[in-house]
Amino acid sequence: MPDPVSVGGAKAAHISRAREDCGMIALRFDLLDEEAAGAVSKLLGAELPERGRFESNGEAMIAWMAPDELLVILPFPDLEECLASIAKLGREALLSATDVSDMRIVFEVSGPCSRDVVAKGSPLDLSSGAFGPGSFRRTRLGQVAAMAWMPEEPTICIACRRSEADYVEKFLEVGASSAAPGFYVGG
Amino acid sequence: MSRRLSDGGRLIDRNKPIRFTFDGKRLSGFQGDTLASALLANGETVVGRSFKFHRPRGIVASGPEEPNALVGLGQGPRREPNQVATMSELFDGLVAESQNRWPSLKFDAGALSDRFSRFLPAGFYYKTFISPRIAWRVLFEPAIRRMAGLGKPPELPDPDQYEHFHAHVDILVVGGGIAGLAAARLAAASGARVLVLEQKPVWGGRSAADGVTIGGAPATEWVRSTVNELEASGAALRLRTTALGAYSHGYVLACERLADHKPGESGARQRLWRIRASKVIVAAGAIERPLVCPGNDLPGVMLASAVRDYLSEFGVSAGDRIAIVANNDDAYRTGLALADSGVDVPAILDTRPSAAGELQALAREKGIRVLESSGVAEILGARRVRGIAVCPIDGRGAKSERISCDAVALSGGWSPAVHLWSHAGGKLLWDERSVLFRPDTNRPPPGDDGKAMAYSAGAANGVLLCRDIASDAEKAATAALQDLGIEPARMECPRVESGVGGEAATESAWLVPGSMTRADRSRAWLDFQNDVKVSDIDLAALEGYESVEHAKRYTTLGMATDQGKLSNVNGLAVLAADLGAEIPEVGTTTFRPPYVPVAMGAIAGEAAGELFKPVRKTPMHDWHERNGANWEPVGDWRRPYCYLRAGEGVKDAVNREVLRTRRGAGLLDASTLGKLLVAGPDAGRFMDMLYTSVMSSLPVGRCKYGLMCNENGFLMDDGVVARIDDTTFLCHTTTGGADRIHAWMEEWLQTEWWDWRAHVYNLTEQYAQIGVAGPSARSLLEKLGGMDLSAESFPFMHWRDGNIGKFKVRAYRISFSGELSFELAVRAGDGLELWTALIEAGEEFGAVAYGTECLHVMRAEKGFIMIGDETDGTVTPRDLGLNWAISKTKGDFIGKRALERPYLTRSDRWRLVGLELPRFKSKDALEDGIYLFEKGAVNAHGHTKMIGRVTSTYYSPTLERPIALALVESGPERLGEIVCVNSKDRGKDIAAKIVKPVFLDEEGRRQNA
């Protein structure tokens, strides 16, 4: 499990940088191709996610990125083996599986005001009816692209480009250090 | 004189006095006051000066429509100009200053311009442009600039914090009066997600000041219980939050004032709400219009509703004797309230022929004189109101009587606040019966589904009688809910009563008196802030500015900070009369956001200081920072331009880095270069279309330099392509090109070749990339060991996966410096560790870290082109001597057809050459971008004929002389010729010899070593 490292005396929420020990694989194929989808689902031991969602097999999480893209997030030690077994599926249906573990940094925003803090920078609908455990979105935070998902209530994970991590960290810290608007509190 | 009464004032707490200053004068008010109510309580009737004529101005209104009471608020870095006193809550220690006056509010030198006002008519400003022409620059512009303007902009950085907040709701209700709360109550009870915004610090709108009862009890009780009910149901409610604009798709901006009334408090001062609402209910109320009569701009003249507000909410009377002039019944409530509070009301002048309704009877009962068919010939006084001269409403203003008073309450009817409705495209109707523009509910702002996006409720919908307001609001909420597919809950509609059975209709009285004389028309104000009078509109109409939009701009009517909230309808009615047109034919000007001025800080939100702009950092960024990096912005990245050592100048550092790399080894952080993965069965086909050369035949394990053109044949990016496997290519792009070329590839794949089985993935950030260049590069890497780097097994333009030390790397044998060079790609998380390992290993070889300038010098010594230096969007590969990279065999590629156009194949195009230059004593380079010419040659116009321009220019420490690359007409055919460059730095023409664009190691022995 990631070991959260506190980065600020947050009031409205707790911001932590998830340790860089998760592996990520970008899978590109036509998600409507039932044969390929079935093979990937079987290999990963999980259902494939609907749009805007992620699924989990306990170890790995599989997120919907685009109509032709999934993102697998798994423990880093399992990465090589997973890539190797995907490679065996062959190229006809599966366009590519690429190790993208290092290109993003993941932050955790935790505490009852997590939604309010993220909503200071992201145009997502973060109400519990629209965004809850299992939700996964590609969005923005302030001026940069980001992904947001909710592993469990009320923690929100934010992933951004590695090069923009300092900006995102500062943005979340500033957002968490002033009072939460109290709009999304309680979902 | 205006003063605080001994009792009354619903919103103030008389046990909590508050001290503040106005123009240095120590004054006091109470908790709950606005700055405006506190100023009135202290008898401050003159609070500012007008924009053009510097006439004294007093408080007119009690809300955001206030045109006059604009002050500079706060001190030092927190001083903010043009703050509206009616919306500023009083706090202890508040410091306010009046504006637009010199030397003082009492005596203003600029007020002289008032004497000459007939020389400053509408459009005088434009006329000053015309003749004599010199006068504008030397006379008018300096004078106008000194005279015009309101508050001074703050000079210090804003110390406050601001933030944005994104909210999604089913129904946004703008306005927290009876209409807004009634609509919100129904929407929330029906299960919709509701957000209610109220601009003031209290709920209930005008209901308390108007003496409304609901269900038999004072309205405040219903307001309190409804707010509690809404909160309990989960609806979000925000006070002090003004909706600024409504846009397409239910996007609404609103500004919440969190700490304006408690400056210095930690956290954000203001919050900009960025709301996505499925439906918007506009219940923003209505704004009273003043009557247009001579002298109506004197301090002491107020809106009738504002007089009532100050009395009811703050216990402040606008004067000791207050006359009322109105064309409607509502203003009688002001008279009744004043009389109830013991304030003398000498008369109510009603412009209507008959004043015999219930309210009139009540007024007469209180002993107030009611004069029918009457108007004011003039409001008397110089710096403040002394009285009014009564006249018949019809006629030219024959004075029948003089009534002394020290304040006048005017009411010319009400205008619904249709701003938000109109912002997003809702249309208006002219309602002749109520004398107002109201939302045309048949033509609402459309949403993306073609249905209404906004609904109008209550006074904002033109429903002015309180008994109809709640039912109108519920009607709007029901429509919104039904359009959303939500079943409206069944609720009992609150019974709202005004205390009188009926009201007579408002009757228009656009000018008072009705046939105003010419002299009076230039003393009857429409726009108080911008000094626009009836005569100005007359002149605009006369000079042909017939469109209301033109008349507005010509006269500046409604162009002040209040955006004509009080003046627009009166102005367009005058224009209509001037043109002999009906009011709806003239129409309104366009309503544009923001509804009220908004601080720049709120718009910027968090984007200030460290968060102003994200800076992209490579994994080695902190190392560079610690080791003297002199930063250069490259795209959104920061890259070291050079690394400064103690005592070193920038030029010294660059020269050192070049020489040490050429003689030993240098390390470059190349992580910012774009790395785009193109994969899939059709990847080769796709690559052949993108690049000018054939990429599909590139063997696995090999690299190739490639060029990309746009459809017009102009070079847009370059870089090395590596063939990873049968179906996979890795394309390196320039740093600035990574995102752009990624988007370019996606565009072709998604719009043109959507059926090709290929895709692109931007892997730029997955890898840290380190260039190791120089004669010792191989030895340096071999010291760490791990892979065979010999020239035989790992030749130039190949790549290998392997290990360097303990690091898993992909090594590319490519060179941008002309040296023996390897680029190592390692997972980004390991980048810093590999970098420091290489720095340590390099010590014995004298290796240095080098920056972008060293890179540029080295590539220029080799004549390698740089996108953005040698190219500018008008340069083809052929211009740069890169014909060899353009395939002649491929059927097609992007730019192929364009490259064959005669204009692009002409031999006299400016093409790339090198320039051999004399050594300058200063060891400097020639200036960049300067033009080349032939001595004595002229063009068809007799001007010096330019034959080219310098595209790259450096001092080469390797060659110990300046070098330059240039694009020259028929350049490669003129080798050996001498041309001139005009060097401003040296103040003379310099002779340059045209040479091949390569200054070092033409055979490539170094890189192939």
# chains A, B, ... in the order shown; residues from 1 in each chain; ligands from 1

$ closest_atom_pairs --of "chain A" --to "chain B" --cutoff "9 Å" --atoms "only C-alpha atoms" --output "tab-separated table"
residue	atom	partner	partner_atom	distance
A:Glu20	CA	B:Gly829	CA	8.0
A:Ala26	CA	B:Tyr761	CA	8.9
A:Arg28	CA	B:His759	CA	7.9
A:Arg91	CA	B:Gly680	CA	7.7
A:Glu92	CA	B:Pro681	CA	7.7
A:Leu94	CA	B:Gly680	CA	8.4
A:Leu95	CA	B:Gly680	CA	5.1
A:Ser96	CA	B:Ala679	CA	6.6
A:Thr98	CA	B:Tyr761	CA	8.9
A:Asp99	CA	B:Gln766	CA	8.1
A:Val100	CA	B:Gln766	CA	5.8
A:Ser101	CA	B:Gln766	CA	7.0
A:Asp102	CA	B:Gln766	CA	4.9
A:Met103	CA	B:Gln766	CA	4.1
A:Arg104	CA	B:Glu765	CA	7.6
A:Asp116	CA	B:Phe165	CA	8.0
A:Val117	CA	B:Phe165	CA	8.7
A:Val118	CA	B:Phe165	CA	8.9
A:Ala119	CA	B:His166	CA	5.3
A:Lys120	CA	B:Phe165	CA	4.3
A:Gly121	CA	B:Phe165	CA	6.9
A:Ser122	CA	B:His166	CA	6.7
A:Pro123	CA	B:His166	CA	5.4
A:Leu124	CA	B:His166	CA	7.4
A:Asp125	CA	B:His168	CA	5.6
A:Leu126	CA	B:His168	CA	7.9
A:Ser127	CA	B:His168	CA	7.8
A:Gly142	CA	B:Ala607	CA	8.0
A:Gln143	CA	B:Pro614	CA	7.1
A:Val144	CA	B:Pro614	CA	7.6
A:Arg161	CA	B:Glu765	CA	7.0
A:Arg162	CA	B:Glu765	CA	6.6
A:Ser163	CA	B:Lys617	CA	4.6
A:Glu164	CA	B:Arg616	CA	5.2
A:Ala165	CA	B:Arg616	CA	8.4
A:Asp166	CA	B:Lys617	CA	8.4
A:Tyr167	CA	B:Pro614	CA	5.6
A:Val168	CA	B:Pro614	CA	8.5
A:Lys170	CA	B:Leu611	CA	7.4
A:Phe171	CA	B:Leu611	CA	6.9
A:Val174	CA	B:Glu606	CA	8.1
A:Gly175	CA	B:Glu163	CA	7.9
A:Ser177	CA	B:Gly267	CA	7.3
A:Ser178	CA	B:Gly267	CA	4.4
A:Ala179	CA	B:Gly267	CA	6.3
A:Pro181	CA	B:Phe165	CA	8.0
A:Gly182	CA	B:Ala236	CA	8.7
A:Phe183	CA	B:Ala236	CA	6.6
A:Tyr184	CA	B:Ala167	CA	8.5

$ write_last_selection --atoms "C-alpha atoms" --output "short mmCIF file (atom, residue, chain, number, x, y, z; two decimals), in the first residue's frame"
data_model
loop_
_atom_site.label_atom_id
_atom_site.label_comp_id
_atom_site.auth_asym_id
_atom_site.auth_seq_id
_atom_site.Cartn_x
_atom_site.Cartn_y
_atom_site.Cartn_z
CA GLU A 20 6.10 6.03 -6.42
CA ALA A 26 -1.43 1.83 -20.98
CA ARG A 28 -4.57 0.48 -26.43
CA ARG A 91 -0.77 -7.85 -31.74
CA GLU A 92 -3.72 -8.45 -34.01
CA LEU A 94 -4.28 -5.48 -29.08
CA LEU A 95 -2.51 -2.48 -30.54
CA SER A 96 -0.07 -1.91 -27.72
CA THR A 98 3.13 0.30 -22.80
CA ASP A 99 4.82 0.79 -19.46
CA VAL A 100 3.81 4.28 -18.35
CA SER A 101 4.59 3.85 -14.65
CA ASP A 102 6.87 6.85 -14.39
CA MET A 103 5.03 9.49 -16.35
CA ARG A 104 2.53 10.42 -13.66
CA ASP A 116 -14.49 20.62 -1.85
CA VAL A 117 -10.71 20.87 -2.14
CA VAL A 118 -10.59 19.15 -5.54
CA ALA A 119 -13.53 21.24 -6.79
CA LYS A 120 -11.44 24.38 -6.35
CA GLY A 121 -9.49 23.29 -9.40
CA SER A 122 -11.47 20.71 -11.28
CA PRO A 123 -14.67 21.30 -13.24
CA LEU A 124 -15.91 17.78 -12.40
CA ASP A 125 -19.29 17.16 -10.84
CA LEU A 126 -18.04 15.76 -7.53
CA SER A 127 -21.38 15.21 -5.84
CA GLY A 142 -6.09 24.44 -12.17
CA GLN A 143 -4.13 24.89 -15.37
CA VAL A 144 -2.98 21.30 -15.96
CA ARG A 161 2.16 14.63 -15.32
CA ARG A 162 5.36 14.04 -13.40
CA SER A 163 6.75 17.38 -14.57
CA GLU A 164 3.75 19.24 -13.17
CA ALA A 165 3.64 17.48 -9.80
CA ASP A 166 5.06 20.44 -7.85
CA TYR A 167 2.36 22.69 -9.27
CA VAL A 168 -0.40 20.21 -8.44
CA LYS A 170 1.05 23.36 -4.27
CA PHE A 171 -2.40 23.85 -5.79
CA VAL A 174 -3.31 26.00 -1.04
CA GLY A 175 -6.84 24.73 -1.64
CA SER A 177 -5.30 25.40 3.65
CA SER A 178 -8.27 27.77 3.32
CA ALA A 179 -11.75 26.99 4.50
CA PRO A 181 -16.72 26.03 0.72
CA GLY A 182 -18.83 23.32 2.34
CA PHE A 183 -20.66 22.63 -0.89
CA TYR A 184 -19.83 18.95 -1.35
#

$ residues_around --residues "Asp394 of chain B" --least-positions-apart "5" --cutoff "12 Å" --atoms "only C-alpha atoms" --output "PDB file with N, CA and C atoms, in the first residue's frame"
ATOM      1  N   THR B 351     -47.381  62.081 -10.822  1.00  0.00           N
ATOM      2  CA  THR B 351     -47.469  62.548 -12.214  1.00  0.00           C
ATOM      3  C   THR B 351     -48.758  62.090 -12.876  1.00  0.00           C
ATOM      4  N   ARG B 352     -49.466  61.164 -12.241  1.00  0.00           N
ATOM      5  CA  ARG B 352     -50.664  60.609 -12.859  1.00  0.00           C
ATOM      6  C   ARG B 352     -51.874  61.525 -12.595  1.00  0.00           C
ATOM      7  N   PRO B 353     -52.829  61.521 -13.496  1.00  0.00           N
ATOM      8  CA  PRO B 353     -53.963  62.428 -13.338  1.00  0.00           C
ATOM      9  C   PRO B 353     -54.813  62.101 -12.125  1.00  0.00           C
ATOM     10  N   GLU B 372     -51.945  65.690  -7.596  1.00  0.00           N
ATOM     11  CA  GLU B 372     -52.116  64.889  -8.804  1.00  0.00           C
ATOM     12  C   GLU B 372     -51.617  65.657 -10.018  1.00  0.00           C
ATOM     13  N   SER B 373     -51.331  64.919 -11.106  1.00  0.00           N
ATOM     14  CA  SER B 373     -50.870  65.526 -12.366  1.00  0.00           C
ATOM     15  C   SER B 373     -49.752  66.535 -12.151  1.00  0.00           C
ATOM     16  N   SER B 374     -48.916  66.238 -11.191  1.00  0.00           N
ATOM     17  CA  SER B 374     -47.891  67.219 -10.855  1.00  0.00           C
ATOM     18  C   SER B 374     -46.483  66.664 -11.096  1.00  0.00           C
ATOM     19  N   GLY B 375     -45.612  67.610 -11.358  1.00  0.00           N
ATOM     20  CA  GLY B 375     -44.210  67.229 -11.497  1.00  0.00           C
ATOM     21  C   GLY B 375     -43.354  68.297 -10.861  1.00  0.00           C
ATOM     22  N   VAL B 376     -42.028  68.151 -11.028  1.00  0.00           N
ATOM     23  CA  VAL B 376     -41.137  69.180 -10.530  1.00  0.00           C
ATOM     24  C   VAL B 376     -40.607  69.984 -11.698  1.00  0.00           C
ATOM     25  N   ALA B 377     -40.713  71.302 -11.590  1.00  0.00           N
ATOM     26  CA  ALA B 377     -40.119  72.154 -12.611  1.00  0.00           C
ATOM     27  C   ALA B 377     -38.605  72.150 -12.423  1.00  0.00           C
ATOM     28  N   LYS B 399     -43.766  77.152 -12.930  1.00  0.00           N
ATOM     29  CA  LYS B 399     -43.698  76.888 -11.503  1.00  0.00           C
ATOM     30  C   LYS B 399     -44.949  77.395 -10.803  1.00  0.00           C
ATOM     31  N   ALA B 509     -43.782  58.455 -17.294  1.00  0.00           N
ATOM     32  CA  ALA B 509     -43.510  59.893 -17.238  1.00  0.00           C
ATOM     33  C   ALA B 509     -42.013  60.031 -17.501  1.00  0.00           C
ATOM     34  N   TRP B 510     -41.663  59.974 -18.778  1.00  0.00           N
ATOM     35  CA  TRP B 510     -40.225  59.894 -19.113  1.00  0.00           C
ATOM     36  C   TRP B 510     -39.500  61.195 -18.846  1.00  0.00           C
ATOM     37  N   LEU B 511     -40.218  62.299 -19.070  1.00  0.00           N
ATOM     38  CA  LEU B 511     -39.615  63.582 -18.759  1.00  0.00           C
ATOM     39  C   LEU B 511     -40.551  64.324 -17.820  1.00  0.00           C
ATOM     40  N   VAL B 512     -39.986  64.966 -16.816  1.00  0.00           N
ATOM     41  CA  VAL B 512     -40.781  65.757 -15.865  1.00  0.00           C
ATOM     42  C   VAL B 512     -40.175  67.159 -15.818  1.00  0.00           C
ATOM     43  N   PRO B 513     -40.910  68.189 -16.254  1.00  0.00           N
ATOM     44  CA  PRO B 513     -42.230  68.177 -16.877  1.00  0.00           C
ATOM     45  C   PRO B 513     -42.207  67.561 -18.288  1.00  0.00           C
ATOM     46  N   GLY B 514     -43.388  67.232 -18.752  1.00  0.00           N
ATOM     47  CA  GLY B 514     -43.534  66.476 -19.994  1.00  0.00           C
ATOM     48  C   GLY B 514     -42.950  67.167 -21.209  1.00  0.00           C
ATOM     49  N   SER B 515     -43.105  68.485 -21.311  1.00  0.00           N
ATOM     50  CA  SER B 515     -42.530  69.204 -22.454  1.00  0.00           C
ATOM     51  C   SER B 515     -41.391  70.068 -21.940  1.00  0.00           C
ATOM     52  N   MET B 516     -40.311  69.445 -21.683  1.00  0.00           N
ATOM     53  CA  MET B 516     -39.179  70.115 -21.062  1.00  0.00           C
ATOM     54  C   MET B 516     -38.557  71.126 -22.020  1.00  0.00           C
TER      55      MET B 516
END

$ residues_around --residues "Val650 of chain B" --least-positions-apart "6" --cutoff "9 Å" --atoms "only C-alpha atoms" --output "PDB file with N, CA, C and O atoms, in the first residue's frame"
ATOM      1  N   ASN B 630      21.322  28.482 -14.979  1.00  0.00           N
ATOM      2  CA  ASN B 630      20.788  29.767 -15.410  1.00  0.00           C
ATOM      3  C   ASN B 630      19.606  29.403 -16.305  1.00  0.00           C
ATOM      4  O   ASN B 630      19.783  28.932 -17.417  1.00  0.00           O
ATOM      5  N   TYR B 641      20.142  27.070 -19.298  1.00  0.00           N
ATOM      6  CA  TYR B 641      20.784  27.719 -20.450  1.00  0.00           C
ATOM      7  C   TYR B 641      22.275  27.416 -20.362  1.00  0.00           C
ATOM      8  O   TYR B 641      22.931  27.104 -21.345  1.00  0.00           O
ATOM      9  N   CYS B 642      22.784  27.494 -19.155  1.00  0.00           N
ATOM     10  CA  CYS B 642      24.151  27.072 -18.857  1.00  0.00           C
ATOM     11  C   CYS B 642      24.217  26.899 -17.345  1.00  0.00           C
ATOM     12  O   CYS B 642      23.262  27.221 -16.643  1.00  0.00           O
ATOM     13  N   TYR B 643      25.321  26.337 -16.882  1.00  0.00           N
ATOM     14  CA  TYR B 643      25.505  26.188 -15.431  1.00  0.00           C
ATOM     15  C   TYR B 643      26.601  27.152 -15.014  1.00  0.00           C
ATOM     16  O   TYR B 643      27.736  27.036 -15.481  1.00  0.00           O
ATOM     17  N   LEU B 644      26.250  28.089 -14.155  1.00  0.00           N
ATOM     18  CA  LEU B 644      27.223  29.107 -13.748  1.00  0.00           C
ATOM     19  C   LEU B 644      28.052  28.601 -12.577  1.00  0.00           C
ATOM     20  O   LEU B 644      27.503  28.098 -11.592  1.00  0.00           O
TER      21      LEU B 644
END

$ atom_distance --atom1 "atom CA of Arg49 of chain B" --atom2 "atom CA of Tyr310 of chain B"
22.1 Å

$ select_by_dssp --residues "segment 509-564 of chain B" --states "alpha helix (DSSP H)" --output "ChimeraX atom specification"
/B:518-521,534-542,548-555

$ write_last_selection --atoms "C-alpha atoms" --output "PDB file, in the first residue's frame"
ATOM      1  CA  ARG B 518     -34.223  73.114 -24.131  1.00  0.00           C
ATOM      2  CA  ALA B 519     -32.422  74.676 -21.186  1.00  0.00           C
ATOM      3  CA  ASP B 520     -33.967  72.200 -18.778  1.00  0.00           C
ATOM      4  CA  ARG B 521     -32.967  69.276 -20.985  1.00  0.00           C
ATOM      5  CA  VAL B 534     -31.311  64.523 -21.933  1.00  0.00           C
ATOM      6  CA  SER B 535     -29.704  67.112 -24.228  1.00  0.00           C
ATOM      7  CA  ASP B 536     -26.860  64.688 -24.994  1.00  0.00           C
ATOM      8  CA  ILE B 537     -29.271  62.032 -26.248  1.00  0.00           C
ATOM      9  CA  ASP B 538     -31.046  64.740 -28.243  1.00  0.00           C
ATOM     10  CA  LEU B 539     -27.761  65.669 -29.897  1.00  0.00           C
ATOM     11  CA  ALA B 540     -26.911  62.043 -30.670  1.00  0.00           C
ATOM     12  CA  ALA B 541     -30.332  61.586 -32.316  1.00  0.00           C
ATOM     13  CA  LEU B 542     -29.858  64.834 -34.223  1.00  0.00           C
ATOM     14  CA  VAL B 548     -29.533  52.705 -29.373  1.00  0.00           C
ATOM     15  CA  GLU B 549     -26.105  51.047 -29.450  1.00  0.00           C
ATOM     16  CA  HIS B 550     -24.633  53.997 -31.338  1.00  0.00           C
ATOM     17  CA  ALA B 551     -26.334  56.574 -29.143  1.00  0.00           C
ATOM     18  CA  LYS B 552     -24.991  54.777 -26.089  1.00  0.00           C
ATOM     19  CA  ARG B 553     -21.408  54.894 -27.314  1.00  0.00           C
ATOM     20  CA  TYR B 554     -21.663  58.442 -28.614  1.00  0.00           C
ATOM     21  CA  THR B 555     -22.991  59.784 -25.336  1.00  0.00           C
TER      22      THR B 555
END

$ atom_distance --atom1 "atom CA of Glu632 of chain B" --atom2 "atom CA of Ala646 of chain B"
19.3 Å

$ select_by_dssp --residues "chain A" --states "strand (DSSP E or B)" --output "VMD selection string"
chain A and resid 5 to 6 14 to 17 22 to 28 53 to 56 61 to 66 69 to 75 96 to 99 104 to 110 135 to 141 144 to 149 156 to 161

$ residues_around --residues "segment 32-45 of chain A" --least-positions-apart "4" --cutoff "10 Å" --atoms "only C-alpha atoms" --output "PyMOL selection string"
chain A and resi 27+49+56-62+67-68+72+82+85-86+89-90+92-94

$ residues_around --residues "Asp924 of chain B" --least-positions-apart "2" --cutoff "8 Å" --atoms "only C-alpha atoms" --output "MDAnalysis selection string"
chainID B and resid 920:922 926 954:955 962

$ residues_around --residues "Gly664 of chain B" --least-positions-apart "2" --cutoff "8 Å" --atoms "only C-alpha atoms" --output "mmCIF file with all heavy atoms, in the first residue's frame"
data_model
loop_
_atom_site.group_PDB
_atom_site.id
_atom_site.type_symbol
_atom_site.label_atom_id
_atom_site.label_comp_id
_atom_site.auth_asym_id
_atom_site.auth_seq_id
_atom_site.Cartn_x
_atom_site.Cartn_y
_atom_site.Cartn_z
ATOM 1 N N ARG B 660 34.840 21.930 -23.038
ATOM 2 C CA ARG B 660 35.004 20.699 -22.243
ATOM 3 C C ARG B 660 34.288 19.538 -22.910
ATOM 4 O O ARG B 660 34.752 18.406 -22.844
ATOM 5 C CB ARG B 660 34.458 20.922 -20.834
ATOM 6 C CG ARG B 660 35.256 21.934 -20.010
ATOM 7 C CD ARG B 660 36.487 21.333 -19.348
ATOM 8 N NE ARG B 660 36.130 20.475 -18.238
ATOM 9 C CZ ARG B 660 35.989 20.908 -16.975
ATOM 10 N NH1 ARG B 660 36.185 22.173 -16.676
ATOM 11 N NH2 ARG B 660 35.667 20.067 -16.020
ATOM 12 N N THR B 661 33.162 19.805 -23.557
ATOM 13 C CA THR B 661 32.452 18.716 -24.239
ATOM 14 C C THR B 661 33.227 18.277 -25.473
ATOM 15 O O THR B 661 33.399 17.075 -25.721
ATOM 16 C CB THR B 661 31.028 19.163 -24.622
ATOM 17 O OG1 THR B 661 30.353 19.592 -23.446
ATOM 18 C CG2 THR B 661 30.239 18.031 -25.265
ATOM 19 N N ARG B 662 33.702 19.255 -26.244
ATOM 20 C CA ARG B 662 34.452 18.911 -27.458
ATOM 21 C C ARG B 662 35.755 18.178 -27.129
ATOM 22 O O ARG B 662 36.240 17.380 -27.909
ATOM 23 C CB ARG B 662 34.781 20.195 -28.235
ATOM 24 C CG ARG B 662 33.563 20.858 -28.875
ATOM 25 C CD ARG B 662 33.429 20.484 -30.336
ATOM 26 N NE ARG B 662 32.357 21.215 -31.004
ATOM 27 C CZ ARG B 662 31.265 20.651 -31.532
ATOM 28 N NH1 ARG B 662 31.095 19.331 -31.445
ATOM 29 N NH2 ARG B 662 30.356 21.368 -32.147
ATOM 30 N N GLY B 666 30.465 15.839 -22.249
ATOM 31 C CA GLY B 666 29.450 16.710 -21.669
ATOM 32 C C GLY B 666 28.159 15.935 -21.491
ATOM 33 O O GLY B 666 27.859 15.000 -22.245
ATOM 34 N N GLY B 774 30.911 13.749 -26.631
ATOM 35 C CA GLY B 774 32.320 14.136 -26.527
ATOM 36 C C GLY B 774 33.224 12.948 -26.785
ATOM 37 O O GLY B 774 32.786 11.792 -26.721
ATOM 38 N N PRO B 775 34.478 13.217 -27.072
ATOM 39 C CA PRO B 775 35.412 12.126 -27.396
ATOM 40 C C PRO B 775 35.522 11.079 -26.281
ATOM 41 O O PRO B 775 35.812 9.917 -26.569
ATOM 42 C CB PRO B 775 36.746 12.844 -27.615
ATOM 43 C CG PRO B 775 36.538 14.273 -27.241
ATOM 44 C CD PRO B 775 35.093 14.551 -27.224
ATOM 45 N N SER B 776 35.266 11.477 -25.027
ATOM 46 C CA SER B 776 35.380 10.498 -23.933
ATOM 47 C C SER B 776 34.045 9.850 -23.579
ATOM 48 O O SER B 776 33.966 9.134 -22.568
ATOM 49 C CB SER B 776 35.934 11.173 -22.676
ATOM 50 O OG SER B 776 37.139 11.837 -22.954
ATOM 51 N N ALA B 777 33.008 10.110 -24.383
ATOM 52 C CA ALA B 777 31.664 9.624 -24.021
ATOM 53 C C ALA B 777 31.660 8.110 -23.821
ATOM 54 O O ALA B 777 31.092 7.593 -22.853
ATOM 55 C CB ALA B 777 30.655 10.026 -25.093
ATOM 56 N N PHE B 845 37.141 12.342 -16.653
ATOM 57 C CA PHE B 845 37.261 12.728 -18.064
ATOM 58 C C PHE B 845 37.038 14.229 -18.256
ATOM 59 O O PHE B 845 36.955 14.717 -19.367
ATOM 60 C CB PHE B 845 36.250 11.955 -18.922
ATOM 61 C CG PHE B 845 36.356 10.467 -18.762
ATOM 62 C CD1 PHE B 845 35.506 9.770 -17.916
ATOM 63 C CD2 PHE B 845 37.356 9.758 -19.447
ATOM 64 C CE1 PHE B 845 35.615 8.409 -17.764
ATOM 65 C CE2 PHE B 845 37.468 8.380 -19.286
ATOM 66 C CZ PHE B 845 36.606 7.697 -18.429
ATOM 67 N N GLY B 846 36.919 14.917 -17.138
ATOM 68 C CA GLY B 846 36.665 16.357 -17.224
ATOM 69 C C GLY B 846 35.279 16.667 -17.769
ATOM 70 O O GLY B 846 35.064 17.692 -18.402
ATOM 71 N N ALA B 847 34.348 15.735 -17.554
ATOM 72 C CA ALA B 847 33.000 15.934 -18.124
ATOM 73 C C ALA B 847 32.276 17.068 -17.398
ATOM 74 O O ALA B 847 32.478 17.294 -16.217
ATOM 75 C CB ALA B 847 32.192 14.652 -18.001
#

$ residues_around --residues "segment 944-953 of chain B" --least-positions-apart "3" --cutoff "10 Å" --atoms "only C-alpha atoms" --output "PyMOL selection string"
chain B and resi 856-857+860-861+863+865-866+868-872+908-915+924-941+956+962-971+979-981

$ atom_distance --atom1 "atom CA of Glu585 of chain B" --atom2 "atom CA of Leu436 of chain B"
13.8 Å

$ closest_residue --among "A:Phe29, A:Trp64, A:Phe136, A:Phe107" --to "Glu50 of chain A" --atoms "only C-alpha atoms"
A:Trp64
